[in-house]
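Printed here is model34.csv (CSV, C-alpha atoms):
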chain,number,residue,atom,x,y,z
A,1,MET,CA,-13.1,2.1,-9.5
A,2,ARG,CA,-9.6,2.7,-8.2
A,3,GLN,CA,-8.7,5.7,-6.1
A,4,PHE,CA,-5.4,7.1,-4.8
A,5,ILE,CA,-5.1,9.6,-2.0
A,6,VAL,CA,-1.6,11.2,-2.0
A,7,LEU,CA,-0.5,13.2,1.0
A,8,GLY,CA,1.6,16.2,0.0
A,9,HIS,CA,3.2,17.5,3.2
A,10,GLU,CA,5.1,20.5,1.8
A,11,ALA,CA,2.7,21.2,-1.1
A,12,PRO,CA,1.7,24.8,-1.8
A,13,THR,CA,-1.7,26.1,-0.9
A,14,THR,CA,-1.4,29.3,-2.8
A,15,PRO,CA,-0.8,29.7,-6.6
A,16,GLY,CA,2.3,31.9,-6.3
A,17,PHE,CA,4.8,29.2,-7.1
A,18,SER,CA,6.9,29.0,-10.2
A,19,LEU,CA,6.3,26.3,-12.8
A,20,SER,CA,10.0,26.3,-13.4
A,21,ASP,CA,10.9,25.4,-9.8
A,22,LEU,CA,8.5,22.6,-8.9
A,23,ALA,CA,11.1,20.6,-7.0
A,24,GLY,CA,12.3,23.6,-5.0
A,25,GLY,CA,10.2,26.6,-4.2
A,26,ALA,CA,7.0,24.7,-4.9
A,27,GLY,CA,7.5,22.2,-2.0
A,28,ARG,CA,8.3,19.1,-4.1
A,29,LEU,CA,5.1,19.6,-6.2
A,30,ASP,CA,7.0,17.6,-8.9
A,31,VAL,CA,6.3,14.5,-6.8
A,32,LEU,CA,2.6,15.1,-6.7
A,33,CYS,CA,2.5,15.9,-10.5
A,34,ARG,CA,4.1,12.6,-11.2
A,35,CYS,CA,1.5,10.9,-9.0
A,36,VAL,CA,-1.3,12.3,-11.2
A,37,ASN,CA,0.5,11.0,-14.2
A,38,ALA,CA,1.0,7.5,-12.7
A,39,GLY,CA,-2.6,7.4,-11.5
A,40,LEU,CA,-4.4,8.6,-14.6
A,41,PHE,CA,-2.4,7.9,-17.7
A,42,VAL,CA,-1.7,4.9,-19.9
A,43,SER,CA,-0.1,5.0,-23.3
A,44,HIS,CA,-2.3,7.2,-25.6
A,45,GLY,CA,-5.1,7.2,-23.1
A,46,ILE,CA,-6.5,7.9,-19.6
A,47,ARG,CA,-7.7,5.5,-17.0
A,48,GLU,CA,-11.4,6.3,-16.9
A,49,ASP,CA,-12.0,4.2,-13.8
A,50,THR,CA,-9.5,6.1,-11.6
A,51,ARG,CA,-9.5,9.1,-9.4
A,52,VAL,CA,-6.4,10.7,-7.8
A,53,HIS,CA,-6.9,12.9,-4.7
A,54,LEU,CA,-3.9,15.2,-3.9
A,55,VAL,CA,-4.1,16.4,-0.3
A,56,LEU,CA,-2.2,19.7,-0.2
A,57,ASN,CA,-0.7,20.4,3.2
A,58,ASP,CA,-3.8,19.0,4.9
A,59,GLU,CA,-5.7,22.0,3.8
A,60,TYR,CA,-7.1,21.5,0.3
A,61,THR,CA,-7.7,18.4,-1.8
A,62,ILE,CA,-7.6,18.5,-5.6
A,63,ARG,CA,-9.5,15.6,-7.2
A,64,PHE,CA,-8.5,14.4,-10.7
A,65,ASP,CA,-11.2,12.2,-12.2
A,66,GLY,CA,-10.2,10.1,-15.1
A,67,SER,CA,-13.7,9.6,-16.3
A,68,THR,CA,-14.2,13.3,-17.0
A,69,ALA,CA,-10.7,14.8,-17.3
A,70,LYS,CA,-10.1,16.6,-20.6
A,71,ARG,CA,-7.0,18.3,-22.1
A,72,LEU,CA,-4.8,16.9,-19.3
A,73,TYR,CA,-1.3,15.9,-20.2
A,74,PRO,CA,1.2,13.8,-18.3
A,75,ASN,CA,4.2,16.1,-18.0
A,76,GLU,CA,5.0,17.7,-14.7
A,77,ARG,CA,4.7,21.2,-15.8
A,78,ALA,CA,1.2,20.7,-17.4
A,79,VAL,CA,-0.1,19.0,-14.2
A,80,ALA,CA,1.4,21.7,-12.0
A,81,SER,CA,-0.2,24.4,-14.2
A,82,ARG,CA,-3.6,22.7,-13.5
A,83,ILE,CA,-2.8,22.7,-9.8
A,84,LYS,CA,-1.9,26.4,-9.9
A,85,GLY,CA,-5.2,27.1,-11.6
A,86,ALA,CA,-7.0,25.1,-8.8
A,87,LEU,CA,-5.3,27.2,-6.1
A,88,GLU,CA,-6.5,30.4,-7.9
A,89,SER,CA,-10.0,29.1,-7.2
A,90,THR,CA,-9.9,28.4,-3.5
A,91,ALA,CA,-12.5,31.2,-2.8
A,92,ASP,CA,-15.1,29.1,-4.8
A,93,ALA,CA,-14.7,26.0,-2.5
A,94,ILE,CA,-17.1,26.5,0.3
A,95,GLY,CA,-17.9,23.8,2.8
A,96,HIS,CA,-17.9,20.5,1.0
A,97,GLN,CA,-18.8,22.2,-2.3
A,98,PRO,CA,-15.8,22.1,-4.6
A,99,ALA,CA,-14.5,24.7,-7.0
A,100,GLU,CA,-14.7,23.3,-10.5
A,101,VAL,CA,-11.4,24.1,-12.0
A,102,SER,CA,-11.6,22.4,-15.4
A,103,PRO,CA,-13.3,19.2,-16.7
A,104,GLY,CA,-12.5,16.4,-14.2
A,105,VAL,CA,-10.5,18.6,-11.8
A,106,GLU,CA,-12.1,19.9,-8.6
A,107,LEU,CA,-10.6,21.6,-5.6
A,108,TYR,CA,-12.1,20.9,-2.2
A,109,ARG,CA,-11.5,22.7,1.1
A,110,MET,CA,-10.7,19.5,2.8
A,111,GLY,CA,-7.7,18.0,4.5
A,112,PHE,CA,-6.8,14.3,4.9
A,113,GLU,CA,-9.5,13.3,7.4
A,114,SER,CA,-12.4,14.9,5.4
A,115,THR,CA,-11.1,13.4,2.2
A,116,LEU,CA,-11.0,10.0,3.8
A,117,GLU,CA,-14.6,10.5,5.0
A,118,SER,CA,-15.7,11.5,1.5
A,119,VAL,CA,-14.5,8.1,0.1
A,120,ALA,CA,-15.5,6.0,3.1
A,121,ASN,CA,-18.3,4.2,1.3
A,122,ASP,CA,-16.5,3.8,-2.0
A,123,GLY,CA,-14.5,0.6,-1.4
A,124,THR,CA,-11.6,-0.9,0.5
A,125,LEU,CA,-9.1,1.5,2.2
A,126,VAL,CA,-5.5,0.3,1.6
A,127,GLU,CA,-2.5,1.9,3.2
A,128,LEU,CA,0.6,1.6,1.0
A,129,HIS,CA,3.6,1.4,3.2
A,130,GLU,CA,7.1,-0.2,3.0
A,131,GLU,CA,6.3,-2.4,6.0
A,132,GLY,CA,3.0,-3.8,4.6
A,133,GLU,CA,2.2,-7.2,3.2
A,134,PRO,CA,4.0,-7.8,-0.1
A,135,LEU,CA,1.7,-7.3,-3.1
A,136,VAL,CA,2.6,-10.6,-4.5
A,137,GLU,CA,1.1,-12.4,-1.5
A,138,ALA,CA,-2.2,-10.4,-1.6
A,139,GLU,CA,-5.3,-10.3,-3.7
A,140,PRO,CA,-6.5,-6.9,-5.0
A,141,PRO,CA,-9.6,-5.8,-3.2
A,142,THR,CA,-12.7,-4.5,-5.0
A,143,ASP,CA,-12.8,-0.8,-5.5
A,144,PRO,CA,-9.5,-0.1,-3.7
A,145,VAL,CA,-8.8,3.3,-2.2
A,146,PHE,CA,-5.0,3.4,-1.9
A,147,VAL,CA,-3.4,6.0,0.5
A,148,LEU,CA,0.2,6.9,0.2
A,149,SER,CA,2.6,9.6,1.2
A,150,ASP,CA,4.8,11.8,-0.9
A,151,HIS,CA,8.6,11.9,-0.3
A,152,GLN,CA,8.1,12.2,3.4
A,153,GLU,CA,6.8,9.6,5.9
A,154,PHE,CA,3.3,9.6,7.1
A,155,THR,CA,3.0,11.9,10.2
A,156,ASP,CA,2.2,10.2,13.5
A,157,ARG,CA,-1.3,11.5,13.3
A,158,GLU,CA,-1.8,10.2,9.7
A,159,ALA,CA,-0.3,6.9,10.7
A,160,GLU,CA,-2.8,6.7,13.6
A,161,ILE,CA,-5.7,7.4,11.4
A,162,LEU,CA,-4.7,4.8,8.9
A,163,ALA,CA,-4.0,2.2,11.5
A,164,ASP,CA,-7.6,2.8,12.7
A,165,GLN,CA,-9.3,3.0,9.3
A,166,ALA,CA,-7.3,1.1,6.7
A,167,GLU,CA,-8.5,-2.5,6.1
A,168,ARG,CA,-5.2,-3.5,4.4
A,169,ARG,CA,-1.6,-2.5,4.5
A,170,LEU,CA,0.4,-3.4,1.4
A,171,SER,CA,4.0,-3.0,0.3
A,172,VAL,CA,5.3,-3.0,-3.3
A,173,GLY,CA,8.8,-3.9,-2.0
A,174,PRO,CA,11.4,-5.1,-1.7
A,175,GLU,CA,12.8,-1.8,-3.0
A,176,ILE,CA,11.3,1.3,-1.5
A,177,LEU,CA,9.9,3.3,-4.4
A,178,HIS,CA,8.8,6.8,-5.1
A,179,ALA,CA,5.1,7.5,-4.6
A,180,ASP,CA,4.4,7.6,-8.3
A,181,GLN,CA,6.4,4.5,-9.0
A,182,THR,CA,4.4,2.8,-6.3
A,183,MET,CA,1.2,3.8,-8.0
A,184,THR,CA,2.4,2.4,-11.3
A,185,VAL,CA,3.3,-0.9,-9.7
A,186,VAL,CA,0.0,-1.1,-7.9
A,187,HIS,CA,-2.0,-0.3,-11.1
A,188,ASN,CA,-0.2,-3.1,-12.9
A,189,TRP,CA,-0.9,-5.4,-10.0
A,190,VAL,CA,-4.6,-4.7,-10.2
A,191,ASP,CA,-4.5,-4.8,-14.0
A,192,THR,CA,-3.2,-8.3,-13.9
A,193,ASP,CA,-5.5,-9.4,-11.1
A,194,GLY,CA,-2.7,-9.6,-8.6
A,195,TYR,CA,-0.3,-11.3,-11.0
A,196,GLN,CA,-2.5,-14.4,-10.9
A,197,GLN,CA,-4.2,-14.2,-14.3
A,198,TYR,CA,-3.5,-12.6,-17.6
B,1,MET,CA,23.5,-5.1,-14.0
B,2,ARG,CA,20.2,-3.9,-15.5
B,3,GLN,CA,20.2,-1.7,-18.6
B,4,PHE,CA,17.5,0.2,-20.5
B,5,ILE,CA,17.8,1.5,-24.0
B,6,VAL,CA,15.1,4.0,-24.8
B,7,LEU,CA,14.6,5.2,-28.4
B,8,GLY,CA,13.6,8.8,-28.6
B,9,HIS,CA,12.3,9.4,-32.1
B,10,GLU,CA,11.6,13.1,-32.0
B,11,ALA,CA,14.3,14.0,-29.4
B,12,PRO,CA,16.4,17.0,-29.9
B,13,THR,CA,20.0,16.7,-31.0
B,14,THR,CA,20.9,20.4,-30.4
B,15,PRO,CA,20.7,22.2,-27.0
B,16,GLY,CA,18.5,25.1,-28.2
B,17,PHE,CA,15.2,23.7,-26.7
B,18,SER,CA,13.4,25.4,-23.9
B,19,LEU,CA,13.3,23.7,-20.5
B,20,SER,CA,9.8,25.1,-20.1
B,21,ASP,CA,8.4,23.4,-23.3
B,22,LEU,CA,9.7,19.8,-23.0
B,23,ALA,CA,6.5,18.2,-24.2
B,24,GLY,CA,6.2,20.6,-27.1
B,25,GLY,CA,9.1,22.2,-28.8
B,26,ALA,CA,11.6,19.7,-27.3
B,27,GLY,CA,10.1,16.8,-29.1
B,28,ARG,CA,8.5,15.0,-26.2
B,29,LEU,CA,11.8,15.1,-24.2
B,30,ASP,CA,9.5,14.9,-21.1
B,31,VAL,CA,9.0,11.2,-22.0
B,32,LEU,CA,12.7,10.5,-22.0
B,33,CYS,CA,13.3,12.5,-18.8
B,34,ARG,CA,10.7,10.3,-17.0
B,35,CYS,CA,12.5,7.3,-18.3
B,36,VAL,CA,15.7,8.4,-16.6
B,37,ASN,CA,13.8,8.9,-13.4
B,38,ALA,CA,12.1,5.5,-13.6
B,39,GLY,CA,15.3,3.7,-14.5
B,40,LEU,CA,17.7,5.2,-11.9
B,41,PHE,CA,15.7,6.4,-8.9
B,42,VAL,CA,14.2,4.7,-5.9
B,43,SER,CA,13.0,6.5,-2.8
B,44,HIS,CA,15.8,8.5,-1.4
B,45,GLY,CA,18.4,6.8,-3.5
B,46,ILE,CA,19.6,5.7,-6.8
B,47,ARG,CA,19.9,2.2,-8.4
B,48,GLU,CA,23.6,1.8,-8.6
B,49,ASP,CA,23.3,-1.4,-10.7
B,50,THR,CA,21.4,0.3,-13.5
B,51,ARG,CA,22.3,2.2,-16.7
B,52,VAL,CA,19.8,4.1,-18.9
B,53,HIS,CA,20.8,4.8,-22.5
B,54,LEU,CA,18.7,7.5,-24.3
B,55,VAL,CA,19.0,7.3,-28.0
B,56,LEU,CA,18.3,10.7,-29.4
B,57,ASN,CA,16.9,10.6,-33.0
B,58,ASP,CA,19.3,7.8,-33.9
B,59,GLU,CA,22.2,10.2,-33.8
B,60,TYR,CA,23.5,10.5,-30.2
B,61,THR,CA,23.1,8.3,-27.2
B,62,ILE,CA,23.3,9.7,-23.6
B,63,ARG,CA,24.3,7.2,-21.0
B,64,PHE,CA,23.2,7.7,-17.4
B,65,ASP,CA,25.1,5.4,-15.0
B,66,GLY,CA,23.6,4.8,-11.6
B,67,SER,CA,26.9,3.7,-10.1
B,68,THR,CA,28.6,7.0,-10.7
B,69,ALA,CA,25.8,9.6,-11.2
B,70,LYS,CA,26.0,12.6,-8.8
B,71,ARG,CA,23.7,15.5,-8.2
B,72,LEU,CA,21.0,14.0,-10.5
B,73,TYR,CA,17.4,14.7,-9.5
B,74,PRO,CA,14.3,12.9,-10.7
B,75,ASN,CA,12.2,15.8,-11.9
B,76,GLU,CA,11.8,16.3,-15.6
B,77,ARG,CA,13.3,19.7,-15.7
B,78,ALA,CA,16.5,18.7,-13.9
B,79,VAL,CA,17.0,15.7,-16.2
B,80,ALA,CA,16.3,17.8,-19.3
B,81,SER,CA,18.8,20.3,-18.1
B,82,ARG,CA,21.4,17.6,-17.9
B,83,ILE,CA,20.5,16.5,-21.5
B,84,LYS,CA,20.8,20.1,-22.7
B,85,GLY,CA,24.3,20.2,-21.1
B,86,ALA,CA,25.2,16.9,-22.9
B,87,LEU,CA,24.0,18.4,-26.3
B,88,GLU,CA,26.3,21.3,-25.7
B,89,SER,CA,29.2,18.9,-25.6
B,90,THR,CA,28.7,17.0,-28.9
B,91,ALA,CA,31.9,18.3,-30.4
B,92,ASP,CA,33.8,16.4,-27.6
B,93,ALA,CA,32.3,13.0,-28.7
B,94,ILE,CA,34.6,11.7,-31.3
B,95,GLY,CA,34.3,8.2,-32.8
B,96,HIS,CA,33.3,5.9,-29.9
B,97,GLN,CA,34.9,8.2,-27.3
B,98,PRO,CA,32.2,9.9,-25.3
B,99,ALA,CA,31.9,13.4,-24.1
B,100,GLU,CA,31.9,13.3,-20.3
B,101,VAL,CA,29.1,15.7,-19.3
B,102,SER,CA,29.0,15.3,-15.6
B,103,PRO,CA,29.6,12.4,-13.2
B,104,GLY,CA,27.8,9.4,-14.5
B,105,VAL,CA,26.5,11.1,-17.6
B,106,GLU,CA,28.2,10.6,-21.0
B,107,LEU,CA,27.2,11.5,-24.6
B,108,TYR,CA,28.2,9.2,-27.4
B,109,ARG,CA,28.0,9.9,-31.1
B,110,MET,CA,26.1,6.7,-31.6
B,111,GLY,CA,22.7,5.8,-32.9
B,112,PHE,CA,20.6,2.7,-32.1
B,113,GLU,CA,22.7,0.1,-33.8
B,114,SER,CA,26.0,1.3,-32.4
B,115,THR,CA,24.5,1.5,-29.0
B,116,LEU,CA,23.2,-2.1,-29.3
B,117,GLU,CA,26.7,-3.2,-30.3
B,118,SER,CA,28.2,-1.5,-27.3
B,119,VAL,CA,26.1,-3.6,-24.9
B,120,ALA,CA,26.2,-6.8,-27.0
B,121,ASN,CA,28.3,-8.7,-24.5
B,122,ASP,CA,26.7,-7.3,-21.3
B,123,GLY,CA,23.8,-9.6,-21.0
B,124,THR,CA,20.4,-10.7,-22.4
B,125,LEU,CA,18.8,-8.4,-24.9
B,126,VAL,CA,15.0,-8.0,-24.2
B,127,GLU,CA,12.6,-6.2,-26.3
B,128,LEU,CA,9.7,-4.6,-24.4
B,129,HIS,CA,6.6,-4.7,-26.6
B,130,GLU,CA,2.9,-4.8,-26.0
B,131,GLU,CA,2.7,-8.1,-28.0
B,132,GLY,CA,5.4,-9.9,-26.1
B,133,GLU,CA,5.2,-12.6,-23.5
B,134,PRO,CA,3.5,-11.5,-20.3
B,135,LEU,CA,6.0,-10.7,-17.6
B,136,VAL,CA,4.2,-12.9,-15.1
B,137,GLU,CA,4.8,-15.9,-17.2
B,138,ALA,CA,8.6,-15.2,-17.6
B,139,GLU,CA,11.7,-15.5,-15.5
B,140,PRO,CA,14.0,-12.4,-15.4
B,141,PRO,CA,17.2,-13.0,-17.3
B,142,THR,CA,20.6,-12.3,-15.9
B,143,ASP,CA,21.9,-8.9,-16.7
B,144,PRO,CA,19.0,-7.8,-18.8
B,145,VAL,CA,19.3,-5.1,-21.4
B,146,PHE,CA,15.7,-3.9,-22.0
B,147,VAL,CA,15.0,-2.0,-25.2
B,148,LEU,CA,11.8,0.1,-25.5
B,149,SER,CA,10.4,2.9,-27.5
B,150,ASP,CA,9.2,6.4,-26.5
B,151,HIS,CA,5.6,7.5,-27.2
B,152,GLN,CA,6.0,6.2,-30.8
B,153,GLU,CA,6.1,2.7,-32.1
B,154,PHE,CA,9.4,1.1,-33.1
B,155,THR,CA,10.2,2.0,-36.7
B,156,ASP,CA,10.2,-0.9,-39.2
B,157,ARG,CA,14.0,-0.9,-39.2
B,158,GLU,CA,14.2,-0.9,-35.4
B,159,ALA,CA,11.7,-3.7,-35.3
B,160,GLU,CA,13.8,-5.7,-37.8
B,161,ILE,CA,17.0,-5.3,-35.8
B,162,LEU,CA,15.2,-6.3,-32.6
B,163,ALA,CA,13.6,-9.3,-34.2
B,164,ASP,CA,17.1,-10.3,-35.3
B,165,GLN,CA,19.0,-9.6,-32.1
B,166,ALA,CA,16.7,-9.7,-29.1
B,167,GLU,CA,16.6,-13.0,-27.2
B,168,ARG,CA,13.3,-12.3,-25.5
B,169,ARG,CA,10.2,-10.2,-26.2
B,170,LEU,CA,8.2,-9.3,-23.1
B,171,SER,CA,5.0,-7.3,-22.3
B,172,VAL,CA,4.0,-5.6,-19.1
B,173,GLY,CA,0.4,-5.7,-20.2
B,174,PRO,CA,-2.6,-6.1,-20.2
B,175,GLU,CA,-2.7,-2.2,-20.3
B,176,ILE,CA,-0.3,-0.5,-22.7
B,177,LEU,CA,1.8,1.7,-20.5
B,178,HIS,CA,4.0,4.7,-21.1
B,179,ALA,CA,7.7,3.9,-21.5
B,180,ASP,CA,8.7,5.1,-18.0
B,181,GLN,CA,5.8,3.2,-16.4
B,182,THR,CA,6.9,0.1,-18.3
B,183,MET,CA,10.4,0.6,-16.8
B,184,THR,CA,9.0,0.9,-13.3
B,185,VAL,CA,7.0,-2.3,-13.7
B,186,VAL,CA,10.0,-4.2,-15.1
B,187,HIS,CA,12.3,-3.0,-12.3
B,188,ASN,CA,9.7,-4.2,-9.8
B,189,TRP,CA,9.4,-7.6,-11.6
B,190,VAL,CA,13.2,-8.1,-11.4
B,191,ASP,CA,13.3,-6.8,-7.8
B,192,THR,CA,10.9,-9.5,-6.8
B,193,ASP,CA,12.6,-12.2,-8.9
B,194,GLY,CA,9.7,-12.3,-11.4
B,195,TYR,CA,7.1,-12.1,-8.6
B,196,GLN,CA,8.1,-15.6,-7.5
B,197,GLN,CA,10.0,-14.9,-4.4
B,198,TYR,CA,10.1,-12.1,-1.8
Using structure tokens, write down the structure from this file.
Amino acid sequence: MRQFIVLGHEAPTTPGFSLSDLAGGAGRLDVLCRCVNAGLFVSHGIREDTRVHLVLNDEYTIRFDGSTAKRLYPNERAVASRIKGALESTADAIGHQPAEVSPGVELYRMGFESTLESVANDGTLVELHEEGEPLVEAEPPTDPVFVLSDHQEFTDREAEILADQAERRLSVGPEILHADQTMTVVHNWVDTDGYQQY
Amino acid sequence: MRQFIVLGHEAPTTPGFSLSDLAGGAGRLDVLCRCVNAGLFVSHGIREDTRVHLVLNDEYTIRFDGSTAKRLYPNERAVASRIKGALESTADAIGHQPAEVSPGVELYRMGFESTLESVANDGTLVELHEEGEPLVEAEPPTDPVFVLSDHQEFTDREAEILADQAERRLSVGPEILHADQTMTVVHNWVDTDGYQQY
């Protein structure tokens, strides 16, 4: 399985935002919506072996699971609408029990550290960072869990946690890409077995 | 320079569409908006050496030029708004003279073949197609002009033209990706000099 944890630093934690102002009033939710698209979708299909975890403002985490997602569409507004629905269900997320928002979409009352703990035994934790090892020089790990930040840098605290827990630090460079573009490149890198085989 | 020509088969040619229904009533304009994003944007910046040509229903072509674009933002709604503005200016596009919509954005009264002619001397024409040669086995050409289709296949006529005119046919495979994801992968491939150097 492949997993992506995306840290949304300005993301909303209440459902009152406008679907017509994702890049403004909704705290750059457009960035996170594109990450769900990049993580789960291929042409005319969905990556069933992939999960995307959106960490909203270190307070909630919405998990999109490609193996069970239904009626999910790649455009920003559709994904944002699903996030809005999730944020209407926060009262149902108690402890580590998620609120089931729709097939394949769950909301957890968990910030970054709890989300990291929840995937700790799933595979290899990889930090995606512009100063990491170039992808072309690395081999894709088994069951990678990639962690990346939205349009902002990792906070000092997040960087510390990752320095402590991540087994690898990789860069898609040489250009610094958006989070969703980074995910697309990383998927392709794993798809092609690290560009080594076809 | 890098250029991308994206064929939008159901794209609107009049500005009456709703910015809140890009994936529905606007003929999957969301796909083309994401292509502009993938083509022009990097983290906190724009690719100044890149142009994206959106061919709308073989009737108009909107050209986005990274070297002169201003106040352009990567979210779907913002790009769609710019396309709407372009389609309000069709009367100003006469012959091969474009309507200047905003800095770096021009609308031409040109379909696919005329757009191909307009870039004929710019560099190497490359068809992006799932059955092409794998990227990893190819060298990036100088000044590539990549042609790709939206969520639909190339029409028979388009495929014929490309078979006749394209010098290369490349695939980002093995997964079949969305048009915008394909552009992101291709950019990264050229950025890294075909994954050979860093």
Practice task
Could you please select, counting all atoms listed in the file, the residues of chain A within 10 Å of chain B and state them as a PyMOL selection string?
Solution key: chain A and resi 19-23+28-31+33-34+37-38+41-45+47+73-78+134-137+150-152+172-189+191-192+195-198
Same residues, C-alpha atoms, saved as a PDB file, in the frame of the given file:
ATOM      1  CA  LEU A  19       6.300  26.300 -12.800  1.00  0.00           C
ATOM      2  CA  SER A  20      10.000  26.300 -13.400  1.00  0.00           C
ATOM      3  CA  ASP A  21      10.900  25.400  -9.800  1.00  0.00           C
ATOM      4  CA  LEU A  22       8.500  22.600  -8.900  1.00  0.00           C
ATOM      5  CA  ALA A  23      11.100  20.600  -7.000  1.00  0.00           C
ATOM      6  CA  ARG A  28       8.300  19.100  -4.100  1.00  0.00           C
ATOM      7  CA  LEU A  29       5.100  19.600  -6.200  1.00  0.00           C
ATOM      8  CA  ASP A  30       7.000  17.600  -8.900  1.00  0.00           C
ATOM      9  CA  VAL A  31       6.300  14.500  -6.800  1.00  0.00           C
ATOM     10  CA  CYS A  33       2.500  15.900 -10.500  1.00  0.00           C
ATOM     11  CA  ARG A  34       4.100  12.600 -11.200  1.00  0.00           C
ATOM     12  CA  ASN A  37       0.500  11.000 -14.200  1.00  0.00           C
ATOM     13  CA  ALA A  38       1.000   7.500 -12.700  1.00  0.00           C
ATOM     14  CA  PHE A  41      -2.400   7.900 -17.700  1.00  0.00           C
ATOM     15  CA  VAL A  42      -1.700   4.900 -19.900  1.00  0.00           C
ATOM     16  CA  SER A  43      -0.100   5.000 -23.300  1.00  0.00           C
ATOM     17  CA  HIS A  44      -2.300   7.200 -25.600  1.00  0.00           C
ATOM     18  CA  GLY A  45      -5.100   7.200 -23.100  1.00  0.00           C
ATOM     19  CA  ARG A  47      -7.700   5.500 -17.000  1.00  0.00           C
ATOM     20  CA  TYR A  73      -1.300  15.900 -20.200  1.00  0.00           C
ATOM     21  CA  PRO A  74       1.200  13.800 -18.300  1.00  0.00           C
ATOM     22  CA  ASN A  75       4.200  16.100 -18.000  1.00  0.00           C
ATOM     23  CA  GLU A  76       5.000  17.700 -14.700  1.00  0.00           C
ATOM     24  CA  ARG A  77       4.700  21.200 -15.800  1.00  0.00           C
ATOM     25  CA  ALA A  78       1.200  20.700 -17.400  1.00  0.00           C
ATOM     26  CA  PRO A 134       4.000  -7.800  -0.100  1.00  0.00           C
ATOM     27  CA  LEU A 135       1.700  -7.300  -3.100  1.00  0.00           C
ATOM     28  CA  VAL A 136       2.600 -10.600  -4.500  1.00  0.00           C
ATOM     29  CA  GLU A 137       1.100 -12.400  -1.500  1.00  0.00           C
ATOM     30  CA  ASP A 150       4.800  11.800  -0.900  1.00  0.00           C
ATOM     31  CA  HIS A 151       8.600  11.900  -0.300  1.00  0.00           C
ATOM     32  CA  GLN A 152       8.100  12.200   3.400  1.00  0.00           C
ATOM     33  CA  VAL A 172       5.300  -3.000  -3.300  1.00  0.00           C
ATOM     34  CA  GLY A 173       8.800  -3.900  -2.000  1.00  0.00           C
ATOM     35  CA  PRO A 174      11.400  -5.100  -1.700  1.00  0.00           C
ATOM     36  CA  GLU A 175      12.800  -1.800  -3.000  1.00  0.00           C
ATOM     37  CA  ILE A 176      11.300   1.300  -1.500  1.00  0.00           C
ATOM     38  CA  LEU A 177       9.900   3.300  -4.400  1.00  0.00           C
ATOM     39  CA  HIS A 178       8.800   6.800  -5.100  1.00  0.00           C
ATOM     40  CA  ALA A 179       5.100   7.500  -4.600  1.00  0.00           C
ATOM     41  CA  ASP A 180       4.400   7.600  -8.300  1.00  0.00           C
ATOM     42  CA  GLN A 181       6.400   4.500  -9.000  1.00  0.00           C
ATOM     43  CA  THR A 182       4.400   2.800  -6.300  1.00  0.00           C
ATOM     44  CA  MET A 183       1.200   3.800  -8.000  1.00  0.00           C
ATOM     45  CA  THR A 184       2.400   2.400 -11.300  1.00  0.00           C
ATOM     46  CA  VAL A 185       3.300  -0.900  -9.700  1.00  0.00           C
ATOM     47  CA  VAL A 186       0.000  -1.100  -7.900  1.00  0.00           C
ATOM     48  CA  HIS A 187      -2.000  -0.300 -11.100  1.00  0.00           C
ATOM     49  CA  ASN A 188      -0.200  -3.100 -12.900  1.00  0.00           C
ATOM     50  CA  TRP A 189      -0.900  -5.400 -10.000  1.00  0.00           C
ATOM     51  CA  ASP A 191      -4.500  -4.800 -14.000  1.00  0.00           C
ATOM     52  CA  THR A 192      -3.200  -8.300 -13.900  1.00  0.00           C
ATOM     53  CA  TYR A 195      -0.300 -11.300 -11.000  1.00  0.00           C
ATOM     54  CA  GLN A 196      -2.500 -14.400 -10.900  1.00  0.00           C
ATOM     55  CA  GLN A 197      -4.200 -14.200 -14.300  1.00  0.00           C
ATOM     56  CA  TYR A 198      -3.500 -12.600 -17.600  1.00  0.00           C
TER      57      TYR A 198
END
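The closest residue to A:Met110, picked from A:Ala69, A:Leu148, A:Ala163, A:Leu56 and counting only C-alpha atoms, is A:Leu56.
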Practice task
Name the residues in contact with stretch 112-128 of chain A at a cut-off of 7 Å, using only C-alpha atoms, excluding same-chain residues fewer than 6 positions from it; report them as a PyMOL selection string.
Solution key: chain A and resi 55+58+141-148+162+166-171
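The space separating atom CA of A:Thr14 from atom CA of A:Thr155 comes to 22.2 Å.
Straight-line separation from atom CA of A:Ala11 to atom CA of A:Ser102: 20.3 Å.
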Missing atoms in stretch 169-174 of chain B: fill them in up to N, CA and C atoms and send the result as a tab-separated table (two decimals), in the coordinates of the input.
chain	number	residue	atom	x	y	z
B	169	ARG	N	11.13	-11.27	-25.90
B	169	ARG	CA	10.20	-10.20	-26.20
B	169	ARG	C	9.13	-10.26	-25.08
B	170	LEU	N	9.08	-9.24	-24.24
B	170	LEU	CA	8.20	-9.30	-23.10
B	170	LEU	C	7.22	-8.12	-23.09
B	171	SER	N	6.08	-8.35	-22.44
B	171	SER	CA	5.00	-7.30	-22.30
B	171	SER	C	4.66	-7.14	-20.87
B	172	VAL	N	4.48	-5.89	-20.46
B	172	VAL	CA	4.00	-5.60	-19.10
B	172	VAL	C	2.52	-5.67	-19.00
B	173	GLY	N	1.82	-5.78	-20.13
B	173	GLY	CA	0.40	-5.70	-20.20
B	173	GLY	C	-0.38	-6.12	-18.97
B	174	PRO	N	-1.71	-6.21	-19.02
B	174	PRO	CA	-2.60	-6.10	-20.20
B	174	PRO	C	-2.75	-4.62	-20.67
